[in-house]
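Next comes structure-v3.cif, a file with mmCIF, C-alpha atoms.
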data_model
#
loop_
_atom_site.label_atom_id
_atom_site.label_comp_id
_atom_site.auth_asym_id
_atom_site.auth_seq_id
_atom_site.Cartn_x
_atom_site.Cartn_y
_atom_site.Cartn_z
CA MET A 1 0.00 0.00 0.00
CA THR A 2 1.35 3.39 -0.99
CA ALA A 3 0.09 6.95 -0.86
CA VAL A 4 2.36 9.51 -2.49
CA LEU A 5 2.24 13.30 -2.77
CA ARG A 6 4.03 14.76 -5.80
CA ASN A 7 4.93 18.31 -6.71
CA GLU A 8 5.89 17.36 -10.25
CA PRO A 9 3.92 15.92 -13.20
CA PHE A 10 3.58 12.14 -13.17
CA ASP A 11 2.56 9.56 -15.76
CA PRO A 12 -0.21 7.46 -14.19
CA TRP A 13 0.20 4.57 -16.64
CA HIS A 14 3.92 4.42 -16.00
CA GLU A 15 3.25 4.39 -12.25
CA LEU A 16 0.68 1.61 -12.60
CA ALA A 17 3.10 -0.44 -14.72
CA ARG A 18 5.81 0.04 -12.08
CA VAL A 19 3.58 -1.15 -9.25
CA GLU A 20 2.25 -4.03 -11.33
CA ALA A 21 5.84 -5.16 -12.02
CA SER A 22 6.54 -5.22 -8.28
CA LEU A 23 3.55 -7.45 -7.48
CA ASP A 24 3.53 -11.26 -7.53
CA LYS A 25 2.64 -12.19 -11.09
CA GLY A 26 -0.41 -14.41 -11.40
CA LYS A 27 -1.67 -13.78 -7.84
CA HIS A 28 -4.15 -10.98 -8.39
CA GLY A 29 -6.78 -11.18 -11.08
CA ALA A 30 -8.11 -7.65 -11.14
CA CYS A 31 -6.89 -4.06 -11.08
CA ALA A 32 -9.26 -1.09 -11.09
CA SER A 33 -7.81 2.37 -11.46
CA PHE A 34 -8.94 5.94 -11.71
CA VAL A 35 -7.09 8.95 -13.12
CA GLY A 36 -8.31 12.51 -12.59
CA THR A 37 -6.86 15.01 -15.03
CA MET A 38 -6.89 18.79 -14.96
CA ARG A 39 -9.38 20.23 -17.42
CA ASP A 40 -8.79 23.46 -19.33
CA PHE A 41 -12.30 24.76 -18.63
CA ASN A 42 -14.52 25.24 -15.57
CA LEU A 43 -17.71 27.23 -15.01
CA GLY A 44 -17.54 28.50 -18.59
CA ASP A 45 -14.02 29.89 -18.33
CA ASP A 46 -10.73 28.78 -19.81
CA ILE A 47 -8.37 27.73 -17.05
CA HIS A 48 -4.73 28.56 -17.70
CA SER A 49 -3.26 26.83 -14.68
CA MET A 50 -4.10 25.71 -11.21
CA SER A 51 -2.36 25.92 -7.88
CA LEU A 52 -3.09 23.04 -5.52
CA GLU A 53 -2.49 23.86 -1.87
CA HIS A 54 -2.51 21.16 0.78
CA TYR A 55 -1.84 20.56 4.48
CA PRO A 56 1.15 18.29 3.95
CA GLU A 57 1.33 16.15 7.12
CA MET A 58 -2.43 15.84 7.43
CA THR A 59 -2.83 14.98 3.75
CA GLN A 60 -0.25 12.22 3.96
CA ARG A 61 -1.82 10.88 7.12
CA PHE A 62 -5.30 11.04 5.60
CA LEU A 63 -4.28 9.21 2.40
CA ASP A 64 -2.37 6.54 4.37
CA ASN A 65 -5.44 6.11 6.51
CA ILE A 66 -7.89 5.59 3.66
CA CYS A 67 -5.49 3.05 2.11
CA ASP A 68 -5.47 1.21 5.46
CA GLN A 69 -9.25 1.32 5.58
CA ALA A 70 -9.52 -0.07 2.04
CA LEU A 71 -7.13 -2.92 2.88
CA GLN A 72 -9.20 -3.80 5.94
CA ARG A 73 -12.53 -3.59 4.17
CA TRP A 74 -11.69 -5.49 0.97
CA GLN A 75 -9.34 -8.34 0.11
CA LEU A 76 -6.69 -6.42 -1.78
CA SER A 77 -3.16 -7.35 -2.74
CA HIS A 78 -2.21 -3.68 -3.08
CA CYS A 79 -3.59 -0.19 -3.32
CA LEU A 80 -2.08 3.04 -4.58
CA ILE A 81 -2.80 6.76 -4.40
CA ILE A 82 -0.73 9.44 -6.10
CA HIS A 83 -1.81 13.08 -5.77
CA ARG A 84 -0.23 16.23 -7.16
CA PHE A 85 0.22 19.49 -5.34
CA GLY A 86 1.72 22.82 -6.42
CA GLU A 87 1.37 24.32 -9.90
CA ILE A 88 -0.57 22.19 -12.38
CA LYS A 89 -1.20 22.71 -16.10
CA PRO A 90 -4.32 21.64 -18.05
CA GLY A 91 -4.08 18.04 -19.25
CA GLU A 92 -1.80 16.99 -16.39
CA PRO A 93 -2.97 14.19 -14.11
CA ILE A 94 -3.95 15.38 -10.64
CA VAL A 95 -4.79 12.11 -8.94
CA LEU A 96 -4.45 8.37 -9.43
CA THR A 97 -6.16 5.74 -7.28
CA ALA A 98 -5.84 2.02 -7.91
CA ALA A 99 -6.65 -1.28 -6.20
CA TRP A 100 -5.45 -4.80 -7.02
CA SER A 101 -7.50 -7.78 -5.92
CA GLY A 102 -8.42 -11.34 -6.75
CA HIS A 103 -11.89 -10.20 -7.76
CA ARG A 104 -13.13 -7.33 -9.84
CA ALA A 105 -15.98 -6.25 -7.53
CA GLU A 106 -13.50 -5.66 -4.69
CA ALA A 107 -11.02 -3.88 -6.96
CA PHE A 108 -13.74 -1.52 -8.29
CA GLU A 109 -15.26 -0.82 -4.88
CA ALA A 110 -11.90 -0.13 -3.24
CA CYS A 111 -10.70 2.11 -6.08
CA ARG A 112 -13.94 4.07 -5.96
CA PHE A 113 -13.82 4.32 -2.17
CA LEU A 114 -10.30 5.80 -2.32
CA ILE A 115 -11.24 8.56 -4.77
CA GLU A 116 -14.56 9.34 -3.08
CA GLU A 117 -12.99 9.62 0.39
CA LEU A 118 -10.12 11.66 -1.01
CA LYS A 119 -12.49 14.05 -2.81
CA ALA A 120 -14.74 14.40 0.22
CA ARG A 121 -12.18 14.90 2.96
CA ALA A 122 -8.50 15.08 1.97
CA PRO A 123 -7.18 18.58 2.77
CA PHE A 124 -6.41 19.93 -0.70
CA TRP A 125 -7.57 23.27 -2.14
CA LYS A 126 -7.59 24.26 -5.79
CA LYS A 127 -7.02 27.81 -6.99
CA GLU A 128 -7.57 28.40 -10.69
CA THR A 129 -5.98 31.03 -12.89
CA THR A 130 -8.31 32.34 -15.61
CA ALA A 131 -7.87 35.21 -18.09
CA THR A 132 -9.30 37.56 -15.46
CA GLY A 133 -7.39 36.42 -12.40
CA LYS A 134 -7.21 33.77 -9.71
CA ARG A 135 -10.10 32.17 -7.84
CA TRP A 136 -10.60 29.40 -5.32
CA VAL A 137 -12.57 26.39 -6.52
CA HIS A 138 -15.69 25.71 -4.46
CA ASP A 139 -17.43 22.78 -6.10
CA SER A 140 -15.89 19.90 -4.21
CA ALA A 141 -19.13 17.98 -4.69
CA ASP A 142 -18.35 17.70 -8.42
CA LYS A 143 -18.76 14.11 -9.48
CA MET B 1 -14.49 4.08 -29.24
CA THR B 2 -12.46 0.95 -29.89
CA ALA B 3 -12.90 -2.75 -29.20
CA VAL B 4 -9.93 -4.90 -30.13
CA LEU B 5 -9.31 -8.65 -30.07
CA ARG B 6 -5.67 -9.69 -29.68
CA ASN B 7 -3.96 -13.04 -30.03
CA GLU B 8 -0.72 -11.77 -28.52
CA PRO B 9 0.19 -10.41 -25.07
CA PHE B 10 -0.51 -6.70 -24.59
CA ASP B 11 0.56 -4.11 -22.02
CA PRO B 12 -2.61 -2.47 -20.72
CA TRP B 13 -0.80 0.59 -19.36
CA HIS B 14 0.95 1.17 -22.65
CA GLU B 15 -2.39 0.88 -24.45
CA LEU B 16 -4.02 3.35 -22.06
CA ALA B 17 -1.14 5.79 -22.50
CA ARG B 18 -1.49 5.51 -26.29
CA VAL B 19 -5.22 6.23 -26.23
CA GLU B 20 -4.75 9.05 -23.73
CA ALA B 21 -2.18 10.65 -26.04
CA SER B 22 -4.68 10.57 -28.89
CA LEU B 23 -7.40 12.38 -26.92
CA ASP B 24 -7.85 16.13 -26.66
CA LYS B 25 -5.71 17.14 -23.69
CA GLY B 26 -7.62 19.00 -20.97
CA LYS B 27 -11.08 18.03 -22.25
CA HIS B 28 -11.83 14.97 -20.14
CA GLY B 29 -11.38 15.00 -16.39
CA ALA B 30 -11.69 11.33 -15.54
CA CYS B 31 -10.55 7.94 -16.75
CA ALA B 32 -11.63 4.70 -15.06
CA SER B 33 -10.02 1.47 -16.18
CA PHE B 34 -10.08 -2.20 -15.35
CA VAL B 35 -7.47 -4.86 -16.10
CA GLY B 36 -8.18 -8.56 -15.69
CA THR B 37 -5.06 -10.72 -15.46
CA MET B 38 -4.70 -14.49 -15.69
CA ARG B 39 -4.11 -16.06 -12.30
CA ASP B 40 -1.86 -19.06 -11.75
CA PHE B 41 -4.41 -20.82 -9.54
CA ASN B 42 -8.09 -21.74 -9.72
CA LEU B 43 -10.24 -24.14 -7.68
CA GLY B 44 -7.18 -25.16 -5.66
CA ASP B 45 -5.05 -26.13 -8.65
CA ASP B 46 -2.01 -24.53 -10.25
CA ILE B 47 -2.86 -23.37 -13.74
CA HIS B 48 0.00 -23.71 -16.23
CA SER B 49 -1.68 -22.01 -19.15
CA MET B 50 -5.06 -21.21 -20.60
CA SER B 51 -6.56 -21.39 -24.03
CA LEU B 52 -9.20 -18.78 -24.77
CA GLU B 53 -11.59 -19.75 -27.54
CA HIS B 54 -14.02 -17.26 -29.03
CA TYR B 55 -16.56 -16.80 -31.81
CA PRO B 56 -14.60 -14.15 -33.68
CA GLU B 57 -17.22 -12.22 -35.67
CA MET B 58 -19.82 -12.38 -32.91
CA THR B 59 -17.30 -11.34 -30.26
CA GLN B 60 -16.23 -8.31 -32.25
CA ARG B 61 -19.83 -7.37 -32.91
CA PHE B 62 -20.74 -7.85 -29.25
CA LEU B 63 -17.86 -5.71 -27.97
CA ASP B 64 -18.55 -2.96 -30.52
CA ASN B 65 -22.15 -3.05 -29.42
CA ILE B 66 -21.49 -2.64 -25.69
CA CYS B 67 -19.13 0.27 -26.47
CA ASP B 68 -21.96 1.88 -28.45
CA GLN B 69 -24.36 1.30 -25.58
CA ALA B 70 -21.92 2.86 -23.10
CA LEU B 71 -21.47 5.92 -25.32
CA GLN B 72 -25.24 6.35 -25.53
CA ARG B 73 -25.85 5.85 -21.85
CA TRP B 74 -23.09 8.03 -20.41
CA GLN B 75 -21.32 11.18 -21.51
CA LEU B 76 -17.98 9.73 -22.54
CA SER B 77 -15.19 11.15 -24.63
CA HIS B 78 -13.89 7.66 -25.40
CA CYS B 79 -14.11 4.03 -24.38
CA LEU B 80 -11.80 1.10 -24.96
CA ILE B 81 -11.94 -2.68 -24.74
CA ILE B 82 -9.00 -4.98 -25.45
CA HIS B 83 -9.46 -8.74 -25.04
CA ARG B 84 -7.02 -11.59 -25.61
CA PHE B 85 -7.76 -14.88 -27.26
CA GLY B 86 -5.58 -17.92 -27.96
CA GLU B 87 -2.89 -19.23 -25.61
CA ILE B 88 -2.41 -17.22 -22.42
CA LYS B 89 0.18 -17.58 -19.64
CA PRO B 90 -0.35 -16.78 -15.94
CA GLY B 91 0.30 -13.13 -15.18
CA GLU B 92 -0.68 -11.99 -18.67
CA PRO B 93 -3.52 -9.47 -19.02
CA ILE B 94 -6.69 -10.99 -20.49
CA VAL B 95 -8.92 -7.96 -20.67
CA LEU B 96 -8.81 -4.18 -20.42
CA THR B 97 -11.86 -1.92 -20.25
CA ALA B 98 -11.64 1.85 -19.89
CA ALA B 99 -13.88 4.91 -20.12
CA TRP B 100 -12.94 8.60 -20.34
CA SER B 101 -15.42 11.23 -19.24
CA GLY B 102 -15.78 14.69 -17.79
CA HIS B 103 -16.96 13.20 -14.53
CA ARG B 104 -15.76 10.31 -12.43
CA ALA B 105 -19.15 8.74 -11.72
CA GLU B 106 -19.80 8.31 -15.44
CA ALA B 107 -16.29 6.99 -16.08
CA PHE B 108 -16.61 4.40 -13.28
CA GLU B 109 -20.11 3.30 -14.25
CA ALA B 110 -19.26 2.94 -17.93
CA CYS B 111 -16.03 1.05 -17.23
CA ARG B 112 -17.87 -1.31 -14.90
CA PHE B 113 -20.73 -1.76 -17.37
CA LEU B 114 -18.27 -2.78 -20.10
CA ILE B 115 -16.58 -5.48 -18.03
CA GLU B 116 -19.83 -6.78 -16.52
CA GLU B 117 -21.55 -7.08 -19.91
CA LEU B 118 -18.46 -8.66 -21.41
CA LYS B 119 -18.19 -11.20 -18.58
CA ALA B 120 -21.89 -12.02 -18.73
CA ARG B 121 -22.41 -12.36 -22.45
CA ALA B 122 -19.37 -12.03 -24.73
CA PRO B 123 -18.74 -15.38 -26.46
CA PHE B 124 -15.40 -16.42 -24.98
CA TRP B 125 -14.57 -19.78 -23.37
CA LYS B 126 -11.60 -20.54 -21.15
CA LYS B 127 -9.86 -23.90 -21.07
CA GLU B 128 -7.25 -24.33 -18.36
CA THR B 129 -4.22 -26.60 -18.39
CA THR B 130 -3.38 -28.01 -14.94
CA ALA B 131 -0.83 -30.64 -13.91
CA THR B 132 -3.45 -33.33 -14.56
CA GLY B 133 -4.80 -32.13 -17.89
CA LYS B 134 -7.12 -29.65 -19.55
CA ARG B 135 -10.55 -28.54 -18.37
CA TRP B 136 -13.17 -26.02 -19.38
CA VAL B 137 -13.81 -23.21 -16.92
CA HIS B 138 -17.41 -23.04 -15.73
CA ASP B 139 -17.57 -20.22 -13.18
CA SER B 140 -18.49 -17.33 -15.41
CA ALA B 141 -20.31 -15.79 -12.45
CA ASP B 142 -16.96 -15.17 -10.73
CA LYS B 143 -16.83 -11.60 -9.51
CA MET C 1 -32.64 -24.12 -47.22
CA GLN C 2 -28.89 -23.82 -46.60
CA LEU C 3 -27.72 -23.04 -43.06
CA ASN C 4 -24.25 -22.62 -41.66
CA VAL C 5 -24.10 -24.19 -38.18
CA LYS C 6 -21.29 -23.62 -35.65
CA PHE C 7 -20.47 -25.28 -32.34
CA PHE C 8 -18.02 -23.86 -29.81
CA ALA C 9 -15.94 -24.95 -26.82
CA SER C 10 -17.27 -27.92 -24.79
CA LEU C 11 -20.33 -28.19 -27.07
CA SER C 12 -18.05 -28.70 -30.05
CA GLU C 13 -16.27 -31.50 -28.15
CA GLN C 14 -19.54 -33.09 -27.01
CA THR C 15 -21.18 -33.05 -30.44
CA GLY C 16 -18.00 -33.79 -32.36
CA LEU C 17 -19.02 -30.92 -34.67
CA LYS C 18 -17.32 -27.61 -35.30
CA GLU C 19 -18.82 -26.07 -38.39
CA VAL C 20 -21.31 -27.77 -40.69
CA THR C 21 -23.50 -26.66 -43.55
CA ILE C 22 -26.87 -28.34 -43.52
CA ASP C 23 -29.66 -28.42 -46.04
CA ALA C 24 -32.56 -27.90 -43.68
CA VAL C 25 -35.68 -29.06 -45.41
CA LYS C 26 -37.93 -29.21 -42.38
CA ALA C 27 -36.06 -26.88 -39.98
CA ALA C 28 -38.23 -24.00 -38.81
CA THR C 29 -36.55 -23.10 -35.51
CA VAL C 30 -33.11 -23.02 -33.92
CA MET C 31 -34.03 -26.20 -32.02
CA ASP C 32 -34.85 -27.97 -35.29
CA VAL C 33 -31.38 -27.04 -36.56
CA TRP C 34 -29.78 -28.52 -33.43
CA ASN C 35 -31.75 -31.74 -33.84
CA GLN C 36 -30.88 -32.15 -37.48
CA ALA C 37 -27.19 -31.23 -37.11
CA THR C 38 -26.63 -33.48 -34.08
CA THR C 39 -29.06 -36.21 -35.22
CA ASN C 40 -31.24 -35.65 -32.17
CA MET C 41 -28.61 -35.53 -29.47
CA PRO C 42 -30.24 -34.06 -26.31
CA MET C 43 -29.32 -30.39 -26.01
CA PRO C 44 -27.29 -29.86 -22.82
CA GLU C 45 -28.83 -27.59 -20.21
CA ASN C 46 -27.65 -23.97 -20.42
CA THR C 47 -26.81 -24.22 -24.11
CA LEU C 48 -26.75 -20.76 -25.67
CA CYS C 49 -27.88 -20.13 -29.24
CA ALA C 50 -27.24 -17.36 -31.75
CA ILE C 51 -28.72 -16.49 -35.13
CA ASN C 52 -26.37 -14.43 -37.31
CA MET C 53 -24.23 -13.61 -34.27
CA ALA C 54 -27.07 -12.29 -32.10
CA TYR C 55 -28.34 -14.23 -29.11
CA ALA C 56 -31.51 -16.20 -29.91
CA ARG C 57 -33.85 -18.70 -28.22
CA PRO C 58 -34.32 -22.33 -29.30
CA ASP C 59 -37.84 -21.58 -30.55
CA ASP C 60 -36.81 -18.57 -32.68
CA SER C 61 -37.44 -19.16 -36.36
CA ILE C 62 -34.69 -19.22 -38.95
CA ASN C 63 -34.26 -18.15 -42.55
CA ASP C 64 -32.33 -19.38 -45.55
CA GLY C 65 -28.65 -18.49 -45.33
CA ASP C 66 -28.65 -17.92 -41.56
CA GLU C 67 -25.61 -18.72 -39.45
CA ILE C 68 -26.77 -20.64 -36.38
CA ALA C 69 -24.40 -21.14 -33.43
CA PHE C 70 -24.53 -23.25 -30.28
CA PHE C 71 -22.23 -22.77 -27.30
CA PRO C 72 -21.95 -23.28 -23.54
CA PRO C 73 -22.17 -20.44 -20.96
CA VAL C 74 -19.46 -17.87 -21.64
CA THR C 75 -16.37 -17.46 -19.45
CA GLY C 76 -14.49 -14.48 -20.88
CA GLY C 77 -12.94 -11.47 -19.18
CA MET D 1 -0.52 26.65 27.07
CA GLN D 2 1.33 26.79 23.75
CA LEU D 3 -0.62 25.99 20.59
CA ASN D 4 0.44 25.91 16.96
CA VAL D 5 -2.37 27.29 14.78
CA LYS D 6 -2.56 26.94 11.00
CA PHE D 7 -4.84 28.49 8.39
CA PHE D 8 -5.17 27.25 4.83
CA ALA D 9 -6.35 28.43 1.41
CA SER D 10 -9.11 31.07 1.38
CA LEU D 11 -9.24 31.08 5.20
CA SER D 12 -5.59 32.04 5.29
CA GLU D 13 -6.32 34.93 2.90
CA GLN D 14 -9.42 36.03 4.85
CA THR D 15 -7.73 36.00 8.26
CA GLY D 16 -4.37 37.22 7.00
CA LEU D 17 -2.85 34.39 9.06
CA LYS D 18 -0.90 31.37 7.92
CA GLU D 19 0.79 29.82 10.90
CA VAL D 20 0.85 31.33 14.40
CA THR D 21 1.89 30.11 17.81
CA ILE D 22 -0.41 31.34 20.54
CA ASP D 23 -0.15 31.23 24.29
CA ALA D 24 -3.71 30.20 25.05
CA VAL D 25 -4.42 31.07 28.64
CA LYS D 26 -8.18 30.75 28.53
CA ALA D 27 -8.61 28.56 25.43
CA ALA D 28 -10.47 25.35 26.20
CA THR D 29 -11.93 24.50 22.79
CA VAL D 30 -11.07 24.75 19.11
CA MET D 31 -13.51 27.69 18.87
CA ASP D 32 -11.66 29.52 21.64
CA VAL D 33 -8.44 29.10 19.66
CA TRP D 34 -10.09 30.58 16.56
CA ASN D 35 -11.38 33.55 18.55
CA GLN D 36 -8.04 34.26 20.16
CA ALA D 37 -5.97 33.80 16.99
CA THR D 38 -8.26 35.93 14.82
CA THR D 39 -9.20 38.40 17.58
CA ASN D 40 -12.85 37.38 17.35
CA MET D 41 -13.35 37.45 13.62
CA PRO D 42 -16.62 35.63 12.84
CA MET D 43 -15.84 32.08 11.71
CA PRO D 44 -17.03 31.62 8.10
CA GLU D 45 -19.74 29.05 7.54
CA ASN D 46 -18.41 25.62 6.52
CA THR D 47 -15.04 26.19 8.17
CA LEU D 48 -13.35 22.85 8.87
CA CYS D 49 -11.18 22.28 11.95
CA ALA D 50 -8.49 19.77 12.82
CA ILE D 51 -6.64 18.91 16.02
CA ASN D 52 -3.27 17.30 15.41
CA MET D 53 -4.21 16.57 11.79
CA ALA D 54 -7.47 14.79 12.58
CA TYR D 55 -10.84 16.38 11.85
CA ALA D 56 -12.40 17.98 14.94
CA ARG D 57 -15.46 20.06 15.87
CA PRO D 58 -15.35 23.65 17.15
CA ASP D 59 -16.43 22.54 20.63
CA ASP D 60 -13.77 19.80 20.94
CA SER D 61 -11.33 20.51 23.76
CA ILE D 62 -7.65 21.08 23.22
CA ASN D 63 -4.42 20.25 25.04
CA ASP D 64 -1.05 21.90 25.49
CA GLY D 65 1.12 21.47 22.41
CA ASP D 66 -1.75 20.69 20.04
CA GLU D 67 -1.63 21.75 16.42
CA ILE D 68 -4.98 23.34 15.52
CA ALA D 69 -5.89 23.95 11.89
CA PHE D 70 -8.69 25.86 10.15
CA PHE D 71 -9.56 25.49 6.47
CA PRO D 72 -12.39 25.82 3.96
CA PRO D 73 -14.20 22.84 2.35
CA VAL D 74 -11.69 20.69 0.51
CA THR D 75 -11.46 20.53 -3.30
CA GLY D 76 -8.82 17.90 -4.06
CA GLY D 77 -8.83 15.00 -6.51
#
Could you take the file, read its structure, and then write that structure out as structure tokens?
Amino acid sequence: MTAVLRNEPFDPWHELARVEASLDKGKHGACASFVGTMRDFNLGDDIHSMSLEHYPEMTQRFLDNICDQALQRWQLSHCLIIHRFGEIKPGEPIVLTAAWSGHRAEAFEACRFLIEELKARAPFWKKETTATGKRWVHDSADK
Amino acid sequence: MTAVLRNEPFDPWHELARVEASLDKGKHGACASFVGTMRDFNLGDDIHSMSLEHYPEMTQRFLDNICDQALQRWQLSHCLIIHRFGEIKPGEPIVLTAAWSGHRAEAFEACRFLIEELKARAPFWKKETTATGKRWVHDSADK
Amino acid sequence: MQLNVKFFASLSEQTGLKEVTIDAVKAATVMDVWNQATTNMPMPENTLCAINMAYARPDDSINDGDEIAFFPPVTGG
Amino acid sequence: MQLNVKFFASLSEQTGLKEVTIDAVKAATVMDVWNQATTNMPMPENTLCAINMAYARPDDSINDGDEIAFFPPVTGG
């Protein structure tokens, strides 16, 4: 289980391949993953860039904790969270969650749990830069 | 939208990266994906290899059809299915389903729909080779 | 009428048939095709049928030139 | 008692505070810490609080050495 905070762009598929290579081949049958990517539009405006603030120690603790919860709740061989912070450009991945399991229902449920918990409660705050200035993002309920 | 049948091993993460690179950057916010991998055990036996038979034209038609259904039912920018056939070794990916959308709920639901429909009704049949011989797999209901 | 009939996986092994073309004089339904192609072998429980690559039921009617397929429950993914 | 108090995102901009250490003589709850640190600025609706990096409520009591944090609704992922 790994939860990682990154202040530089990451390639989610490369990260998934790396984790996959480290797992026992042939032991897990299912991997569900989710990648959230920065869009170049929001509320009708073009977004030029985004600054993602976080509460470092609490964020790490929170992400570690939801990984622990997922491992207790479902039979998983591994789970992974990677989340950006700092300056982010449109098209760059912001978050990756993934869960490996023997069964697809558990992999899907755990992967979904990780992103839903993270979205609902992990201490991150987005500030967008548009043509007319900077603004804090408010719609955390966005699905 | 793409549904592809392959008789050779494929790297799901490489395939996802390729599709991602072909999509409009910054337009989709969410990608959910699922990878099913061949396990080296089933029903208490070691599995040495597996032969995956299919009904080629019907399989292709079926997979194209569930992609179409997904695109009609959810707002997706793209969806992808890759499925192996032929001789498969433990640890090799068998299936990949993925959906790209503006919103994570739609991406998850569509990705899950694709794999559930495929599992329930796509004309594929697995034959396992164990230490004591070959046998057809019966547990299609496996989750 | 001419029909192309296919059998897959364990059903192909059980019937000893893979792909046959039959001249179905009296066949009106998918079940009739099974009976003629297998010379009245009992159809195993859970057998799935397709007409022209779309799922069908044993009592669905068939037309000249159709491709009829029989196969066991699927196990892909 | 000594408390480390942190403010994040829009709440940091609104209070003009980022990280302060206060000597909380009369502070018994998270709300008391807010009032002392901001000199009684009204707490914005939806403000979230944490004690030692775990979510807490404004009426939760605090202890010497605690790290208290205030922040707006989260928008990660």
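The part of chain D that reaches within 7 Å of chain A is made up of Ala9, Met53, Val74, Thr75, Gly76 and Gly77 of chain D, counting all atoms listed in the file.
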Check what the PyMOL selection byres ((chain B) within 7 of (chain A)) selects in the file above and give those residues as a ChimeraX atom specification. /B:13-14,16-17,25-40,90-91,103-105,143
Using Å and a single decimal, report how far CA of Leu23 in chain A sits from CA of Glu87 in chain B. 22.6 Å
Name all residues at most 12 Å from Gln14 in chain D (count only C-alpha atoms; drop same-chain ones fewer than 3 positions away) and give them as a compact mmCIF listing (two decimals) with C-alpha atoms, keeping the file's coordinate frame.
# COMPACT_ATOMS: atom_id res chain seq x y z
CA PHE D 7 -4.84 28.49 8.39
CA PHE D 8 -5.17 27.25 4.83
CA ALA D 9 -6.35 28.43 1.41
CA SER D 10 -9.11 31.07 1.38
CA LEU D 11 -9.24 31.08 5.20
CA LEU D 17 -2.85 34.39 9.06
CA LYS D 18 -0.90 31.37 7.92
CA THR D 38 -8.26 35.93 14.82
CA MET D 41 -13.35 37.45 13.62
CA PRO D 42 -16.62 35.63 12.84
CA MET D 43 -15.84 32.08 11.71
CA PRO D 44 -17.03 31.62 8.10
CA THR D 47 -15.04 26.19 8.17
CA PHE D 70 -8.69 25.86 10.15
CA PHE D 71 -9.56 25.49 6.47
CA PRO D 72 -12.39 25.82 3.96
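Note that the spacing between CA of Ala27 in chain D and CA of Ile62 in chain D amounts to 7.9 Å.
Counting from CA of Met50 in chain A, the distance to CA of Ile88 in chain A is 5.1 Å.
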Expansion of the PyMOL selection byres ((chain C and resi 50) around 10) into residues, as a ChimeraX atom specification: /B:58 /C:5-6,30,48-49,51-58,60,66-71
Given the selection you just returned, output its residues as a file containing C-alpha atoms, formatted as a PDB file, in the frame of the given file.
ATOM      1  CA  MET B  58     -19.820 -12.380 -32.910  1.00  0.00           C
TER       2      MET B  58
ATOM      3  CA  VAL C   5     -24.100 -24.190 -38.180  1.00  0.00           C
ATOM      4  CA  LYS C   6     -21.290 -23.620 -35.650  1.00  0.00           C
ATOM      5  CA  VAL C  30     -33.110 -23.020 -33.920  1.00  0.00           C
ATOM      6  CA  LEU C  48     -26.750 -20.760 -25.670  1.00  0.00           C
ATOM      7  CA  CYS C  49     -27.880 -20.130 -29.240  1.00  0.00           C
ATOM      8  CA  ILE C  51     -28.720 -16.490 -35.130  1.00  0.00           C
ATOM      9  CA  ASN C  52     -26.370 -14.430 -37.310  1.00  0.00           C
ATOM     10  CA  MET C  53     -24.230 -13.610 -34.270  1.00  0.00           C
ATOM     11  CA  ALA C  54     -27.070 -12.290 -32.100  1.00  0.00           C
ATOM     12  CA  TYR C  55     -28.340 -14.230 -29.110  1.00  0.00           C
ATOM     13  CA  ALA C  56     -31.510 -16.200 -29.910  1.00  0.00           C
ATOM     14  CA  ARG C  57     -33.850 -18.700 -28.220  1.00  0.00           C
ATOM     15  CA  PRO C  58     -34.320 -22.330 -29.300  1.00  0.00           C
ATOM     16  CA  ASP C  60     -36.810 -18.570 -32.680  1.00  0.00           C
ATOM     17  CA  ASP C  66     -28.650 -17.920 -41.560  1.00  0.00           C
ATOM     18  CA  GLU C  67     -25.610 -18.720 -39.450  1.00  0.00           C
ATOM     19  CA  ILE C  68     -26.770 -20.640 -36.380  1.00  0.00           C
ATOM     20  CA  ALA C  69     -24.400 -21.140 -33.430  1.00  0.00           C
ATOM     21  CA  PHE C  70     -24.530 -23.250 -30.280  1.00  0.00           C
ATOM     22  CA  PHE C  71     -22.230 -22.770 -27.300  1.00  0.00           C
TER      23      PHE C  71
END
Thr130 in chain A: which residues within 8 Å, counting only C-alpha atoms, same-chain residues fewer than 4 positions away excluded, as a PyMOL selection string? chain A and resi 45-49+134-135
Please return the centre and edge lengths, in Å to one decimal, of a box with edges along x, y and z that contains all listed atoms of range 101-119 of chain A, widened by 8 Å on every side, as AutoDock Vina command-line options.
--center_x -11.7 --center_y 1.4 --center_z -4.7 --size_x 24.5 --size_y 41.4 --size_z 26.2
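Taking all atoms listed in the file into account, those protein, DNA and RNA residues with any atom at most 7 Å away from (-12.9, -1.1, -29.2) amount to Met1, Thr2, Ala3, Val4, Leu63, Asp64, Cys67, Leu80, Ile81 and Ile82 of chain B.
All residues of protein, DNA or RNA that reach within 12 Å of Ala28 in chain C, judged by all atoms listed in the file and not counting those fewer than 3 positions away in the chain, are Met1, Leu3, Ala24, Val25, Met31, Asp32, Val33, Trp34, Asn35, Gln36, Pro58, Asp59, Asp60, Ser61, Ile62, Asn63, Asp64 and Asp66 of chain C.
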